[in-house]
$ cat structure_0.cif   # mmCIF, C-alpha atoms
data_input
#
loop_
_atom_site.label_atom_id
_atom_site.label_comp_id
_atom_site.auth_asym_id
_atom_site.auth_seq_id
_atom_site.Cartn_x
_atom_site.Cartn_y
_atom_site.Cartn_z
CA MET A 1 131.02 -36.47 -150.60
CA GLU A 2 127.78 -35.37 -148.91
CA LEU A 3 124.67 -33.61 -150.12
CA ILE A 4 124.65 -29.85 -149.69
CA THR A 5 121.56 -28.04 -148.42
CA GLU A 6 120.64 -24.41 -148.88
CA ALA A 7 121.44 -23.74 -145.23
CA GLN A 8 125.08 -24.70 -145.90
CA LEU A 9 125.58 -22.15 -148.68
CA THR A 10 127.83 -19.17 -148.14
CA PRO A 11 126.17 -15.71 -148.32
CA GLN A 12 127.57 -15.28 -151.83
CA GLU A 13 126.27 -18.69 -152.91
CA GLN A 14 122.88 -17.97 -151.37
CA GLU A 15 122.65 -14.73 -153.35
CA PHE A 16 123.56 -16.64 -156.52
CA TRP A 17 120.91 -19.26 -155.73
CA LYS A 18 118.34 -16.54 -155.08
CA LYS A 19 119.04 -14.93 -158.46
CA ALA A 20 118.64 -18.29 -160.19
CA CYS A 21 115.29 -18.90 -158.49
CA GLN A 22 114.14 -15.41 -159.43
CA ALA A 23 115.06 -16.11 -163.05
CA VAL A 24 112.98 -19.31 -162.95
CA ASP A 25 110.10 -17.37 -161.46
CA ALA A 26 110.34 -14.85 -164.30
CA LYS A 27 110.37 -17.74 -166.79
CA ASN A 28 113.79 -16.61 -167.97
CA TYR A 29 114.87 -20.22 -168.19
CA GLY A 30 117.97 -19.62 -170.33
CA TYR A 31 119.45 -17.25 -167.77
CA ALA A 32 118.37 -19.51 -164.92
CA ILE A 33 120.11 -22.48 -166.54
CA SER A 34 123.37 -20.54 -166.91
CA LEU A 35 123.29 -19.60 -163.23
CA LEU A 36 122.26 -23.04 -162.01
CA LYS A 37 124.85 -24.84 -164.11
CA ALA A 38 127.57 -22.67 -162.61
CA LEU A 39 126.24 -23.38 -159.12
CA VAL A 40 125.98 -27.13 -159.68
CA LYS A 41 129.49 -27.30 -161.15
CA LYS A 42 130.83 -25.50 -158.11
CA LEU A 43 128.69 -27.53 -155.69
CA PRO A 44 128.09 -30.98 -157.22
CA GLY A 45 126.26 -32.15 -154.08
CA PHE A 46 123.63 -29.40 -154.18
CA LEU A 47 120.73 -31.64 -155.23
CA GLU A 48 117.99 -29.00 -154.96
CA ALA A 49 119.80 -26.76 -157.47
CA ARG A 50 120.24 -29.72 -159.80
CA LYS A 51 116.50 -30.44 -159.61
CA VAL A 52 115.58 -26.84 -160.43
CA LEU A 53 118.15 -26.86 -163.22
CA ARG A 54 116.66 -29.99 -164.74
CA ALA A 55 113.12 -28.63 -164.48
CA SER A 56 114.24 -25.45 -166.28
CA GLU A 57 115.93 -27.48 -169.02
CA ILE A 58 112.79 -29.54 -169.47
CA LYS A 59 110.78 -26.33 -169.88
CA LEU A 60 112.96 -25.49 -172.89
CA ASN A 61 113.26 -29.09 -174.14
CA PRO A 62 110.04 -30.84 -173.10
CA THR A 63 110.16 -33.62 -175.71
CA PRO A 64 112.58 -36.51 -175.03
CA LYS A 65 114.89 -37.32 -177.93
CA LYS A 66 115.25 -40.86 -179.15
CA LYS A 67 118.99 -41.50 -178.86
CA GLY A 68 121.63 -40.68 -176.32
CA LEU A 69 124.77 -38.68 -177.11
CA LEU A 70 127.41 -40.50 -175.07
CA GLY A 71 128.97 -43.90 -175.51
CA GLY A 72 128.91 -46.43 -172.72
CA PHE A 73 132.68 -47.05 -172.78
CA ARG A 74 133.50 -43.35 -172.39
CA MET A 75 130.96 -43.14 -169.60
CA THR A 76 132.53 -45.93 -167.57
CA THR A 77 136.06 -44.63 -168.11
CA SER A 78 135.31 -41.04 -167.11
CA VAL A 79 133.39 -42.12 -164.02
CA LYS A 80 136.19 -44.30 -162.71
CA ARG A 81 138.82 -41.68 -163.44
CA ASP A 82 137.13 -38.68 -161.82
CA PRO A 83 133.49 -39.06 -160.70
CA VAL A 84 133.29 -35.56 -159.18
CA SER A 85 134.38 -33.87 -162.42
CA THR A 86 131.93 -36.06 -164.31
CA LEU A 87 129.10 -34.83 -162.08
CA SER A 88 129.82 -31.34 -163.42
CA SER A 89 130.74 -32.03 -167.03
CA VAL A 90 127.68 -34.19 -167.77
CA GLU A 91 125.45 -31.16 -167.22
CA ASP A 92 126.64 -29.71 -170.55
CA GLU A 93 125.07 -32.67 -172.35
CA LEU A 94 121.93 -32.66 -170.22
CA GLU A 95 121.31 -28.99 -171.04
CA LYS A 96 120.77 -30.02 -174.67
CA ASP A 97 118.60 -33.02 -173.80
CA PRO A 98 117.61 -33.30 -170.11
CA PHE A 99 115.98 -36.70 -170.66
CA ASN A 100 119.05 -38.12 -172.43
CA GLU A 101 119.35 -41.73 -171.31
CA ALA A 102 123.12 -42.12 -171.70
CA SER A 103 123.88 -38.81 -169.99
CA ASN A 104 121.62 -39.62 -167.07
CA GLU A 105 123.17 -43.07 -166.78
CA LEU A 106 126.55 -41.36 -166.64
CA LEU A 107 125.27 -39.04 -163.91
CA PHE A 108 123.93 -42.07 -162.03
CA HIS A 109 127.27 -43.90 -162.04
CA ALA A 110 129.24 -40.76 -161.19
CA ALA A 111 126.94 -39.97 -158.26
CA GLU A 112 127.23 -43.53 -156.96
CA GLN A 113 131.02 -43.39 -157.16
CA ALA A 114 131.01 -40.02 -155.39
CA GLY A 115 128.81 -41.33 -152.57
CA LEU A 116 125.70 -39.33 -153.54
CA PRO A 117 122.91 -41.95 -153.79
CA ASP A 118 120.11 -39.34 -153.84
CA ILE A 119 121.57 -37.70 -156.93
CA ALA A 120 122.06 -41.14 -158.48
CA ALA A 121 118.37 -41.88 -157.96
CA PHE A 122 117.40 -38.45 -159.32
CA ALA A 123 119.30 -39.18 -162.56
CA LEU A 124 117.39 -42.38 -163.26
CA GLU A 125 114.09 -40.90 -162.09
CA THR A 126 114.55 -38.36 -164.89
CA VAL A 127 114.88 -41.24 -167.37
CA ARG A 128 111.83 -42.87 -165.81
CA GLU A 129 109.87 -39.70 -166.57
CA GLY A 130 111.13 -39.18 -170.12
CA HIS A 131 111.78 -42.75 -171.28
CA PRO A 132 109.53 -45.07 -169.25
CA GLU A 133 110.13 -47.77 -171.86
CA ASN A 134 113.86 -48.02 -171.00
CA LYS A 135 113.64 -51.23 -168.99
CA LYS A 136 117.39 -51.49 -168.50
CA LEU A 137 117.70 -48.20 -166.62
CA LEU A 138 114.45 -48.71 -164.73
CA HIS A 139 115.70 -52.08 -163.50
CA MET A 140 118.90 -50.31 -162.50
CA LEU A 141 116.86 -47.75 -160.55
CA ALA A 142 114.83 -50.46 -158.80
CA ASN A 143 118.03 -52.26 -157.76
CA HIS A 144 119.43 -48.97 -156.51
CA TYR A 145 116.40 -48.51 -154.26
CA ILE A 146 116.64 -52.11 -153.05
CA ASP A 147 120.30 -51.61 -152.14
CA ARG A 148 119.29 -48.55 -150.13
CA LYS A 149 116.54 -50.52 -148.34
CA MET A 150 113.78 -48.53 -150.01
CA PRO A 151 111.41 -51.34 -151.09
CA ALA A 152 108.34 -49.12 -151.55
CA GLU A 153 110.19 -46.99 -154.11
CA ALA A 154 111.54 -50.09 -155.82
CA ALA A 155 108.05 -51.60 -156.02
CA ALA A 156 106.76 -48.44 -157.74
CA VAL A 157 109.52 -48.66 -160.35
CA TYR A 158 108.82 -52.35 -160.97
CA HIS A 159 105.14 -51.46 -161.33
CA ASP A 160 106.03 -49.02 -164.14
CA ILE A 161 108.13 -51.69 -165.87
CA VAL A 162 105.24 -54.16 -165.75
CA LYS A 163 102.95 -51.55 -167.31
CA VAL A 164 105.36 -51.32 -170.24
CA ASP A 165 106.07 -55.07 -170.44
CA PRO A 166 103.66 -57.36 -168.56
CA SER A 167 105.80 -60.34 -169.59
CA ASP A 168 108.83 -59.11 -167.63
CA THR A 169 108.86 -61.83 -164.98
CA VAL A 170 111.70 -60.21 -163.03
CA ALA A 171 109.69 -57.01 -162.65
CA VAL A 172 106.48 -58.89 -161.80
CA LYS A 173 108.23 -60.84 -159.06
CA GLY A 174 110.18 -57.76 -157.96
CA GLU A 175 107.02 -55.72 -157.50
CA LYS A 176 105.42 -58.42 -155.35
CA ASP A 177 108.54 -59.01 -153.25
CA CYS A 178 109.25 -55.31 -152.72
CA THR A 179 105.64 -54.58 -151.86
CA ALA A 180 105.80 -57.27 -149.21
CA GLN A 181 109.13 -55.97 -147.91
CA ALA A 182 107.73 -52.43 -147.77
CA SER A 183 104.80 -53.70 -145.72
CA MET A 184 107.15 -55.55 -143.39
CA GLN A 185 109.31 -52.47 -143.06
CA LYS A 186 106.30 -50.33 -142.24
CA GLN A 187 105.08 -52.77 -139.62
CA ASN A 188 108.60 -53.04 -138.21
CA TRP A 189 108.44 -56.80 -138.64
CA GLU A 190 112.14 -56.99 -139.38
CA ASN A 191 112.70 -56.99 -135.62
CA ALA A 192 110.53 -60.06 -135.07
CA LYS A 193 112.38 -62.89 -133.35
CA SER A 194 111.00 -65.66 -135.55
CA MET A 195 108.66 -66.44 -138.42
CA LYS A 196 106.16 -67.57 -135.79
CA ASP A 197 106.22 -64.05 -134.35
CA VAL A 198 105.64 -62.62 -137.81
CA MET A 199 102.68 -64.92 -138.48
CA LYS A 200 101.19 -64.16 -135.08
CA SER A 201 101.60 -60.45 -135.69
CA THR A 202 100.01 -60.78 -139.13
CA GLN A 203 96.98 -62.65 -137.75
CA GLU A 204 96.50 -60.21 -134.87
CA SER A 205 96.85 -57.23 -137.17
CA ALA A 206 94.32 -58.63 -139.63
CA ALA A 207 91.86 -59.34 -136.83
CA LEU A 208 92.24 -55.88 -135.35
CA GLU A 209 91.88 -54.16 -138.72
CA LYS A 210 88.82 -56.21 -139.59
CA VAL A 211 87.08 -55.19 -136.38
CA ASP A 212 88.21 -51.56 -136.57
CA LYS A 213 86.90 -51.17 -140.13
CA GLN A 214 83.45 -52.38 -139.19
CA GLY A 215 80.80 -49.74 -138.54
CA MET A 216 80.31 -49.65 -134.77
CA THR A 217 77.84 -47.90 -132.53
CA ARG A 218 79.11 -45.66 -129.75
CA GLN A 219 78.50 -48.43 -127.22
CA GLU A 220 80.34 -50.95 -129.37
CA MET A 221 83.28 -48.58 -129.78
CA GLU A 222 83.52 -48.12 -126.01
CA ALA A 223 83.44 -51.90 -125.57
CA ARG A 224 86.14 -52.21 -128.23
CA LEU A 225 88.30 -49.71 -126.37
CA GLY A 226 87.92 -51.84 -123.25
CA GLN A 227 89.20 -54.92 -125.10
CA LEU A 228 92.09 -53.00 -126.65
CA GLY A 229 92.90 -51.45 -123.27
CA GLN A 230 93.53 -54.89 -121.79
CA LEU A 231 95.86 -55.77 -124.69
CA TYR A 232 97.60 -52.43 -124.28
CA GLU A 233 98.21 -53.02 -120.56
CA ALA A 234 99.73 -56.40 -121.37
CA ASN A 235 102.07 -54.90 -124.00
CA PRO A 236 102.10 -51.08 -124.36
CA GLN A 237 104.57 -51.35 -127.25
CA ASP A 238 102.36 -53.43 -129.54
CA LEU A 239 102.10 -51.19 -132.59
CA HIS A 240 98.96 -52.90 -133.94
CA VAL A 241 97.10 -52.42 -130.67
CA VAL A 242 98.19 -48.78 -130.30
CA ARG A 243 97.16 -48.01 -133.88
CA SER A 244 93.80 -49.73 -133.36
CA ILE A 245 93.15 -47.65 -130.24
CA ALA A 246 93.95 -44.51 -132.22
CA ASN A 247 91.61 -45.65 -134.98
CA VAL A 248 88.70 -46.20 -132.57
CA TYR A 249 89.25 -42.81 -130.94
CA GLU A 250 89.23 -41.28 -134.41
CA GLN A 251 85.88 -42.93 -135.19
CA MET A 252 84.58 -41.58 -131.89
CA GLU A 253 85.83 -38.13 -132.93
CA ASP A 254 87.86 -37.93 -129.75
CA TRP A 255 90.59 -36.01 -131.55
CA ASN A 256 92.90 -35.41 -128.59
CA ASN A 257 93.16 -39.09 -127.66
CA ALA A 258 93.40 -40.06 -131.33
CA TYR A 259 96.31 -37.63 -131.68
CA SER A 260 98.07 -39.03 -128.61
CA PHE A 261 97.86 -42.65 -129.78
CA TYR A 262 98.73 -41.93 -133.42
CA SER A 263 101.76 -39.98 -132.18
CA TYR A 264 102.78 -42.87 -129.96
CA ALA A 265 102.22 -45.32 -132.81
CA PHE A 266 104.60 -43.26 -134.95
CA THR A 267 107.31 -43.53 -132.29
CA LEU A 268 106.84 -47.31 -132.25
CA SER A 269 106.88 -47.64 -136.03
CA ASN A 270 109.83 -47.54 -138.35
CA ASN A 271 109.19 -43.84 -139.11
CA ASP A 272 105.86 -44.63 -140.77
CA VAL A 273 105.03 -41.31 -142.42
CA SER A 274 101.34 -42.21 -142.66
CA LEU A 275 101.12 -42.33 -138.85
CA SER A 276 102.85 -38.97 -138.52
CA THR A 277 100.40 -37.54 -141.03
CA LYS A 278 97.49 -39.03 -139.11
CA ALA A 279 98.74 -37.52 -135.87
CA SER A 280 98.97 -34.08 -137.50
CA GLU A 281 95.50 -34.53 -138.92
CA MET A 282 94.07 -35.38 -135.49
CA SER A 283 95.83 -32.41 -133.92
CA GLU A 284 94.32 -30.12 -136.53
CA LYS A 285 90.85 -31.60 -135.98
CA ALA A 286 91.20 -31.11 -132.23
CA ARG A 287 92.01 -27.45 -132.78
CA GLU A 288 89.13 -27.06 -135.22
CA ALA A 289 86.69 -28.66 -132.78
CA GLN A 290 87.83 -26.36 -129.98
CA LEU A 291 87.53 -23.31 -132.22
CA ASP A 292 84.14 -24.34 -133.65
CA ASP A 293 82.74 -24.79 -130.16
CA LEU A 294 83.94 -21.35 -129.13
CA LYS A 295 82.58 -19.77 -132.31
CA LYS A 296 79.14 -21.27 -131.73
CA ARG A 297 79.05 -20.04 -128.13
CA ALA A 298 80.33 -16.61 -129.13
CA ALA A 299 77.74 -16.33 -131.92
CA ALA A 300 74.94 -17.30 -129.51
CA ASP A 301 76.06 -14.66 -127.00
CA PRO A 302 77.51 -11.72 -128.98
CA ASP A 303 77.34 -9.32 -126.04
CA ASN A 304 79.50 -11.53 -123.83
CA LYS A 305 82.81 -9.63 -124.02
CA GLU A 306 84.66 -12.28 -122.01
CA LEU A 307 83.60 -14.98 -124.45
CA GLN A 308 84.47 -12.81 -127.48
CA ASP A 309 87.90 -12.09 -126.02
CA GLN A 310 88.42 -15.80 -125.34
CA LEU A 311 87.54 -16.62 -128.96
CA ALA A 312 90.03 -14.04 -130.24
CA ALA A 313 92.75 -15.34 -127.89
CA VAL A 314 92.23 -18.99 -128.81
CA THR A 315 92.17 -18.13 -132.51
CA ARG A 316 95.52 -16.36 -132.16
CA GLN A 317 96.97 -19.16 -130.04
CA ILE A 318 95.99 -21.87 -132.53
CA ALA A 319 97.37 -19.86 -135.45
CA GLU A 320 100.67 -19.35 -133.59
CA GLU A 321 100.91 -23.06 -132.70
CA ILE A 322 100.45 -24.04 -136.34
CA VAL A 323 103.12 -21.53 -137.38
CA GLN A 324 105.55 -22.94 -134.80
CA GLU A 325 104.94 -26.50 -135.99
CA CYS A 326 105.46 -25.47 -139.61
CA GLN A 327 108.66 -23.59 -138.73
CA LYS A 328 110.08 -26.67 -137.01
CA ARG A 329 109.35 -28.79 -140.08
CA VAL A 330 111.05 -26.24 -142.34
CA GLU A 331 114.09 -26.12 -140.05
CA ASN A 332 114.38 -29.91 -140.28
CA ASN A 333 114.00 -29.90 -144.07
CA PRO A 334 114.64 -26.40 -145.45
CA THR A 335 114.61 -27.42 -149.12
CA ASP A 336 111.15 -29.02 -149.13
CA PRO A 337 108.83 -26.71 -151.13
CA GLN A 338 105.70 -28.22 -149.58
CA LEU A 339 106.87 -27.28 -146.09
CA ARG A 340 107.72 -23.78 -147.31
CA PHE A 341 104.23 -23.43 -148.75
CA GLU A 342 102.58 -24.73 -145.58
CA LEU A 343 104.61 -22.28 -143.48
CA GLY A 344 103.66 -19.40 -145.77
CA GLN A 345 100.01 -20.40 -145.60
CA ALA A 346 100.14 -20.68 -141.80
CA LEU A 347 101.79 -17.26 -141.52
CA PHE A 348 99.10 -15.78 -143.76
CA LYS A 349 96.33 -17.25 -141.61
CA ALA A 350 98.08 -15.87 -138.54
CA GLY A 351 97.99 -12.41 -140.11
CA ASN A 352 101.76 -12.26 -140.59
CA PHE A 353 101.65 -11.35 -144.27
CA THR A 354 105.15 -9.90 -144.43
CA ASP A 355 106.88 -13.08 -143.22
CA ALA A 356 104.57 -15.23 -145.36
CA ILE A 357 105.73 -13.60 -148.60
CA PRO A 358 109.35 -14.93 -148.77
CA GLN A 359 108.17 -18.45 -147.86
CA LEU A 360 105.57 -18.43 -150.62
CA GLN A 361 108.05 -16.97 -153.09
CA ARG A 362 110.33 -19.92 -152.37
CA ALA A 363 107.50 -22.40 -152.81
CA ARG A 364 106.56 -20.67 -156.08
CA ASN A 365 109.82 -21.89 -157.65
CA ASN A 366 108.57 -25.47 -157.46
CA PRO A 367 106.29 -26.39 -160.40
CA TYR A 368 103.94 -28.46 -158.22
CA TYR A 369 103.24 -25.69 -155.69
CA ARG A 370 103.68 -22.77 -158.07
CA ILE A 371 100.01 -21.92 -158.69
CA LYS A 372 98.97 -22.44 -155.05
CA ALA A 373 101.83 -20.25 -153.88
CA MET A 374 101.01 -17.52 -156.41
CA LEU A 375 97.39 -17.46 -155.24
CA MET A 376 98.49 -17.12 -151.62
CA LEU A 377 100.98 -14.42 -152.62
CA GLY A 378 98.18 -12.52 -154.30
CA LYS A 379 96.19 -12.69 -151.07
CA CYS A 380 99.21 -11.50 -149.06
CA TYR A 381 99.73 -8.51 -151.36
CA GLU A 382 96.01 -7.69 -151.18
CA ALA A 383 96.13 -7.85 -147.38
CA LYS A 384 99.01 -5.35 -147.46
CA ASN A 385 96.97 -3.14 -149.84
CA MET A 386 99.48 -3.77 -152.63
CA ASN A 387 96.64 -4.36 -155.06
CA ASP A 388 98.58 -3.79 -158.29
CA MET A 389 101.18 -6.39 -157.28
CA ALA A 390 98.44 -8.78 -156.20
CA LEU A 391 96.72 -8.40 -159.56
CA HIS A 392 99.97 -9.00 -161.43
CA GLN A 393 100.68 -12.15 -159.43
CA LEU A 394 97.19 -13.54 -159.93
CA GLY A 395 97.18 -12.64 -163.62
CA GLU A 396 100.34 -14.66 -164.14
CA ALA A 397 98.86 -17.62 -162.26
CA ASN A 398 95.65 -17.37 -164.28
CA SER A 399 97.57 -17.42 -167.57
CA GLU A 400 99.26 -20.68 -166.59
CA LEU A 401 95.99 -22.46 -165.73
CA GLN A 402 94.14 -23.95 -168.67
CA THR A 403 91.37 -25.79 -166.83
CA MET A 404 88.52 -23.95 -165.11
CA ASP A 405 88.96 -25.69 -161.77
CA ALA A 406 88.30 -24.40 -158.26
CA THR A 407 91.69 -22.68 -158.12
CA LYS A 408 91.19 -20.81 -161.38
CA LEU A 409 87.69 -19.75 -160.27
CA GLU A 410 89.08 -18.34 -157.04
CA ILE A 411 91.89 -16.56 -158.87
CA LEU A 412 89.50 -14.97 -161.39
CA TYR A 413 87.11 -13.88 -158.65
CA LEU A 414 89.88 -12.25 -156.65
CA MET A 415 91.16 -10.58 -159.82
CA GLY A 416 87.67 -9.17 -160.33
CA ILE A 417 87.60 -7.77 -156.79
CA LEU A 418 91.08 -6.26 -157.17
CA ASN A 419 90.18 -4.64 -160.49
CA GLU A 420 87.17 -3.09 -158.81
CA LYS A 421 89.37 -1.70 -156.05
CA LEU A 422 91.65 -0.19 -158.68
CA GLY A 423 88.70 1.36 -160.51
CA LYS A 424 88.99 -0.95 -163.52
CA LYS A 425 85.32 -1.75 -163.88
CA GLN A 426 85.44 -3.34 -167.33
CA GLU A 427 88.39 -5.56 -166.43
CA ALA A 428 86.56 -6.62 -163.28
CA LEU A 429 83.40 -7.41 -165.25
CA ASP A 430 85.43 -9.46 -167.76
CA CYS A 431 86.76 -11.61 -164.91
CA PHE A 432 83.28 -12.18 -163.51
CA LYS A 433 81.90 -12.94 -167.01
CA THR A 434 84.52 -15.64 -167.51
CA ILE A 435 83.38 -17.28 -164.29
CA TYR A 436 79.68 -16.76 -165.15
CA ASP A 437 80.17 -18.52 -168.50
CA SER A 438 81.62 -21.56 -166.73
CA ASN A 439 79.97 -21.69 -163.30
CA TYR A 440 76.74 -19.72 -162.94
CA GLY A 441 76.35 -20.42 -159.23
CA TYR A 442 79.82 -19.40 -158.12
CA ARG A 443 79.53 -16.98 -155.17
CA ASP A 444 77.73 -13.76 -156.20
CA VAL A 445 79.03 -13.75 -159.79
CA ALA A 446 75.58 -14.10 -161.40
CA GLN A 447 74.31 -11.05 -159.54
CA ARG A 448 77.41 -9.03 -160.44
CA VAL A 449 77.26 -9.88 -164.15
CA GLU A 450 73.51 -9.59 -164.62
CA SER A 451 73.32 -6.27 -162.78
CA ALA A 452 75.77 -4.83 -165.30
CA TYR A 453 73.16 -5.31 -168.04
CA ASN A 454 70.35 -3.55 -166.15
#
$ encode --input "structure_0.cif" --output "C-alpha cells"
Amino acid sequence: MELITEAQLTPQEQEFWKKACQAVDAKNYGYAISLLKALVKKLPGFLEARKVLRASEIKLNPTPKKKGLLGGFRMTTSVKRDPVSTLSSVEDELEKDPFNEASNELLFHAAEQAGLPDIAAFALETVREGHPENKKLLHMLANHYIDRKMPAEAAAVYHDIVKVDPSDTVAVKGEKDCTAQASMQKQNWENAKSMKDVMKSTQESAALEKVDKQGMTRQEMEARLGQLGQLYEANPQDLHVVRSIANVYEQMEDWNNAYSFYSYAFTLSNNDVSLSTKASEMSEKAREAQLDDLKKRAAADPDNKELQDQLAAVTRQIAEEIVQECQKRVENNPTDPQLRFELGQALFKAGNFTDAIPQLQRARNNPYYRIKAMLMLGKCYEAKNMNDMALHQLGEANSELQTMDATKLEILYLMGILNEKLGKKQEALDCFKTIYDSNYGYRDVAQRVESAYN
C-alpha cells in the first residue's frame, strides 16, 4: 500500500476533505472528526487526513490518559490477520484518547505491516508528544528511523529519551552514533572509498570552515576566493570547497554568486535541505538588492518616467518569479501547509488577492500556520474591500492569541483601521487602547489614543 496525497483524491473525496477542513476551521471538531474518520477508514493511506484528525481529537482531549485500552496480544493478532482493517478500526479507540499508547502502538505495527512507514512514524510521534516518558515506544520509534536511514530523526528521539532518563546508556550511545551518521549522511561521506578518504575530508572541511568563519577584510576574502578557486579547478565536485566558495561570496554580499554556488553545493550533497534553504535565501537577497538599488535611484529622480517604469516592471517581475517558485514547490508537495502559506503570501505581495485566498485558507487548517494565515487572509479581504469579512477573520485570530507579541499587535492595529473604515469609532479606539496599554511606541497608536481625550 502507498500513501495517498490530496491530488489523488476523486472529486467526491476532495469535496468531503474540503468539508472536513472547513469544520476544523470553524472549530466544529466533533463534526470534523466524524468526517475525517470516515475518510481515513475509506483511505487508510491518506496521512494528511489522519494528521488533521488527530489534531482535532487532541483539541477535544488535550490531556493524555495514564493507561492504554488495548491488550498487546490482541494488538499483535489483529495486525497479523488484517493490517489494513486494523488501520481503520484503531481510529475508534484513538478518538477517545488520541495519545493512547497501546492504540498508537497498534497503529504503528499495522502501518508497518501495510507498508506505510510514514504513518507508522506518525503513530509513535503522537506517543512521543503525549507520553515522552514511554521509553519503550520511543526506542521503537528511534529504531524505526534507523531502519529507514533517517539518523537525524533517530538522534532527536534518543535525545528526548536521555532527557527523561540520563542513565539510559543505549539512548546515550544511540544519540551520539546517530548524530555522527547524520553528519556523514549530510556530507555524503558514505560514498568515500576508504576511511583515509573520510579522515582527509574531515580535516579539509574543518580547515575550510575555520578559515571561512574568521572575520576577513574584503582583500582577504578576495585572496581566499583565489585559493578556493585553485582547489575548485582541481576538483569541481568537492562539496566542501564549493560550499566554502558560496560562504565567502555570502560574506562579500555577492548574492548572485553565492546563490549559484549554494545551488551547486545542493546538487552535490545528499539532498542537504540546509543548502537548498541557503540558495533560496541568497536568491531572495539578490532580488532585494536589485530592487533596493532601483528604489533609491527612483527616489532620487522622481521625475524620471523611464526609471519609475523600470522600477514598477522589476517589482512585478520579482513578485511573479517568487510566485512561480512557490507554485513549483506546492506542486511537488501539495500537502505541505508551509508551502501553501508561502504561496498565498507571495500571491498577496504580487497583488493577486483572489488566488491567494484559497491557499491561505488551506494553510489556516494547520495549527502552526493558522494565525499567520488568518492575518494574511484579513489583509486579502481588506485589499478586496471586504472589510467586514477581514474584521471577522482578524477578530478570530486575535481571540486565539494570548500573548501580546508582534503578530497580535499587528492584528489589533489592522482591526482598529478596519473598524474606522466601517464607522465603528469606539471599537477602533478600543483596539488602539489595547495596544497603547502594552506598547506605547507602536506606530501612531499613542497619537490616536491621546487625541481621543482632547
$ residues_around --input "structure_0.cif" --residues "Pro117 of chain A" --least-positions-apart "6" --cutoff "10 Å" --atoms "only C-alpha atoms" --output "tab-separated table (two decimals) with C-alpha atoms, keeping the file's coordinate frame"
chain	number	residue	atom	x	y	z
A	2	GLU	CA	127.78	-35.37	-148.91
A	3	LEU	CA	124.67	-33.61	-150.12
A	108	PHE	CA	123.93	-42.07	-162.03
A	109	HIS	CA	127.27	-43.90	-162.04
A	110	ALA	CA	129.24	-40.76	-161.19
A	111	ALA	CA	126.94	-39.97	-158.26
A	123	ALA	CA	119.30	-39.18	-162.56
A	144	HIS	CA	119.43	-48.97	-156.51
A	145	TYR	CA	116.40	-48.51	-154.26
A	148	ARG	CA	119.29	-48.55	-150.13
$ resolve_selection --input "structure_0.cif" --expression "the PyMOL selection byres ((chain A and resi 143) around 12)" --output "VMD selection string"
chain A and resid 120 to 121 124 136 to 142 144 to 158 170 to 171 174 to 175 178
$ write_last_selection --input "structure_0.cif" --atoms "C-alpha atoms" --output "mmCIF file, keeping the file's coordinate frame"
data_model
loop_
_atom_site.group_PDB
_atom_site.id
_atom_site.type_symbol
_atom_site.label_atom_id
_atom_site.label_comp_id
_atom_site.auth_asym_id
_atom_site.auth_seq_id
_atom_site.Cartn_x
_atom_site.Cartn_y
_atom_site.Cartn_z
ATOM 1 C CA ALA A 120 122.060 -41.140 -158.480
ATOM 2 C CA ALA A 121 118.370 -41.880 -157.960
ATOM 3 C CA LEU A 124 117.390 -42.380 -163.260
ATOM 4 C CA LYS A 136 117.390 -51.490 -168.500
ATOM 5 C CA LEU A 137 117.700 -48.200 -166.620
ATOM 6 C CA LEU A 138 114.450 -48.710 -164.730
ATOM 7 C CA HIS A 139 115.700 -52.080 -163.500
ATOM 8 C CA MET A 140 118.900 -50.310 -162.500
ATOM 9 C CA LEU A 141 116.860 -47.750 -160.550
ATOM 10 C CA ALA A 142 114.830 -50.460 -158.800
ATOM 11 C CA HIS A 144 119.430 -48.970 -156.510
ATOM 12 C CA TYR A 145 116.400 -48.510 -154.260
ATOM 13 C CA ILE A 146 116.640 -52.110 -153.050
ATOM 14 C CA ASP A 147 120.300 -51.610 -152.140
ATOM 15 C CA ARG A 148 119.290 -48.550 -150.130
ATOM 16 C CA LYS A 149 116.540 -50.520 -148.340
ATOM 17 C CA MET A 150 113.780 -48.530 -150.010
ATOM 18 C CA PRO A 151 111.410 -51.340 -151.090
ATOM 19 C CA ALA A 152 108.340 -49.120 -151.550
ATOM 20 C CA GLU A 153 110.190 -46.990 -154.110
ATOM 21 C CA ALA A 154 111.540 -50.090 -155.820
ATOM 22 C CA ALA A 155 108.050 -51.600 -156.020
ATOM 23 C CA ALA A 156 106.760 -48.440 -157.740
ATOM 24 C CA VAL A 157 109.520 -48.660 -160.350
ATOM 25 C CA TYR A 158 108.820 -52.350 -160.970
ATOM 26 C CA VAL A 170 111.700 -60.210 -163.030
ATOM 27 C CA ALA A 171 109.690 -57.010 -162.650
ATOM 28 C CA GLY A 174 110.180 -57.760 -157.960
ATOM 29 C CA GLU A 175 107.020 -55.720 -157.500
ATOM 30 C CA CYS A 178 109.250 -55.310 -152.720
#
$ resolve_selection --input "structure_0.cif" --expression "the PyMOL selection byres ((chain A and resi 95) around 12)" --output "NGL selection string"
:A and (29-30 or 32-34 or 36-37 or 50 or 53-62 or 69 or 88-94 or 96-100 or 103-104)
$ resolve_selection --input "structure_0.cif" --expression "the PyMOL selection byres ((chain A and resi 5) around 9)" --output "number ranges by chain"
A: 3-4, 6-9, 45-48, 333-335
$ closest_residue --input "structure_0.cif" --among "A:Leu106, A:Leu311, A:Ile161, A:Met386" --to "Leu418 of chain A" --atoms "only C-alpha atoms"
A:Met386
$ atom_distance --input "structure_0.cif" --atom1 "atom CA of Leu347 of chain A" --atom2 "atom CA of Cys380 of chain A"
9.8 Å
$ axis_aligned_box --input "structure_0.cif" --around "segment 146-151 of chain A" --padding-each-side "5 Å" --output "lines of an AutoDock Vina configuration file"
center_x = 115.9
center_y = -50.3
center_z = -150.7
size_x = 18.9
size_y = 13.6
size_z = 14.7
$ atom_distance --input "structure_0.cif" --atom1 "atom CA of Val172 of chain A" --atom2 "atom CA of His131 of chain A"
19.5 Å
$ closest_residue --input "structure_0.cif" --among "A:Val323, A:Leu43, A:Ala286, A:Ala428" --to "Asn256 of chain A" --atoms "all atoms listed in the file"
A:Ala286
$ residues_around --input "structure_0.cif" --residues "Ala390 of chain A" --least-positions-apart "3" --cutoff "7 Å" --atoms "only C-alpha atoms" --output "PyMOL selection string"
chain A and resi 378-379+381-382+386-387+393-394
$ atom_distance --input "structure_0.cif" --atom1 "atom CA of Ala350 of chain A" --atom2 "atom CA of Ala319 of chain A"
5.1 Å
